[in-house]
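One structure below.
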Amino acid sequence: MQQLIVDLALPADRFLAWYKGQADRVLMHSRDGRSISLPAHHLRPFLTHEGVHGSFVLKFTDEGKLVSLERLG
């Protein structure tokens with residue numbers, strides 16, 4: 001199993017595009033520089049009135065299927 005760490009600062013107004021059906025994925029970069037395109041619904045449990053902020057670890061299979069997404073710290 002592989003894992004990546006990402007630091008997110010996604011304001012609520014940007015996440016609103018998902019609710020409006022204008023976007024379905026969030027493009028982010030891991031700490032090691034890799035680009036990740038993640039379906040936005042995976043971030044919903046971490047959404048606050050301010051948006052989605054924090055550091056997260058993404059664990060995925062060798063085929064690239066997401067296994068888990070957890071907030072660090």
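Within each chain, counting starts at residue 1; across the structure tokens, chains are named A, B, ... in the order shown, with ligands numbered 1 upward in that order.
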Check your understanding: Could you pull the residues within 9 Å of A:Leu8, counting only C-alpha atoms, minus those fewer than 4 positions along the same chain, as a ChimeraX atom specification?
Key -> /A:28-29,52-56
Check your understanding: Hey, what does DSSP flag as alpha helix (DSSP H) within stretch 4-50 of chain A? Can you give it to me as number ranges by chain?
Key -> A: 12-19
Exercise for review: Within 9 Å of A:His41, counting only C-alpha atoms, which residues show up once you throw out same-chain ones fewer than 6 positions away? Write them as number ranges by chain, please.
Suggested key: A: 18, 24-25
Review point. Hey, what does DSSP flag as strand (DSSP E or B) within chain A? Can you give it to me as an MDAnalysis selection string?
Key: chainID A and resid 2:11 25:30 35:39 48 51:60 66:71
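In this comparison, which uses only C-alpha atoms, the residue of A:Gly64, A:His49, A:Asp13, A:Val57 approaching A:Ser37 most closely is A:Gly64.
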Using only C-alpha atoms, which residues sit within 9 Å of stretch 44-48 of chain A once same-chain residues fewer than 5 positions away are excluded, as a PDB file with N, CA, C and O atoms, in the first residue's frame?
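This is the output file around.pdb:
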ATOM      1  N   ALA A  12     -14.188  27.520   1.594  1.00  0.00           N
ATOM      2  CA  ALA A  12     -15.551  27.009   1.430  1.00  0.00           C
ATOM      3  C   ALA A  12     -16.155  27.422   0.096  1.00  0.00           C
ATOM      4  O   ALA A  12     -16.861  26.638  -0.538  1.00  0.00           O
ATOM      5  N   PHE A  15     -15.152  25.018  -2.539  1.00  0.00           N
ATOM      6  CA  PHE A  15     -15.807  23.720  -2.391  1.00  0.00           C
ATOM      7  C   PHE A  15     -17.270  23.802  -2.827  1.00  0.00           C
ATOM      8  O   PHE A  15     -17.864  22.807  -3.230  1.00  0.00           O
ATOM      9  N   HIS A  53      -9.291  22.447   5.477  1.00  0.00           N
ATOM     10  CA  HIS A  53      -7.931  22.893   5.789  1.00  0.00           C
ATOM     11  C   HIS A  53      -7.242  21.843   6.654  1.00  0.00           C
ATOM     12  O   HIS A  53      -7.859  21.241   7.520  1.00  0.00           O
ATOM     13  N   ARG A  71      -7.125  12.776   8.397  1.00  0.00           N
ATOM     14  CA  ARG A  71      -6.467  14.023   8.792  1.00  0.00           C
ATOM     15  C   ARG A  71      -5.296  13.686   9.715  1.00  0.00           C
ATOM     16  O   ARG A  71      -5.429  12.841  10.596  1.00  0.00           O
TER      17      ARG A  71
END
**Study point:** Contact residues around A:Ser35 with only C-alpha atoms at 12 Å, ignoring same-chain residues under 4 positions, as a ChimeraX atom specification
**Key:** /A:4-6,26-31
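Of the listed residues A:Met1, A:Leu58, A:Val67, A:Ala23, the one whose atoms come nearest to A:Ala40 is A:Ala23, with distances taken using only C-alpha atoms.
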**Study point:** Exercise: A:Ser68 partners within 10 Å, only C-alpha atoms, chain neighbours under 4 positions left out, as an NGL selection string
**Key:** :A and (3 or 42 or 57-61)
Check your understanding: Rounded to one decimal in Å, what is the spacing between atom CA of A:Leu43 and atom CA of A:Arg14?
Key -> 12.5 Å
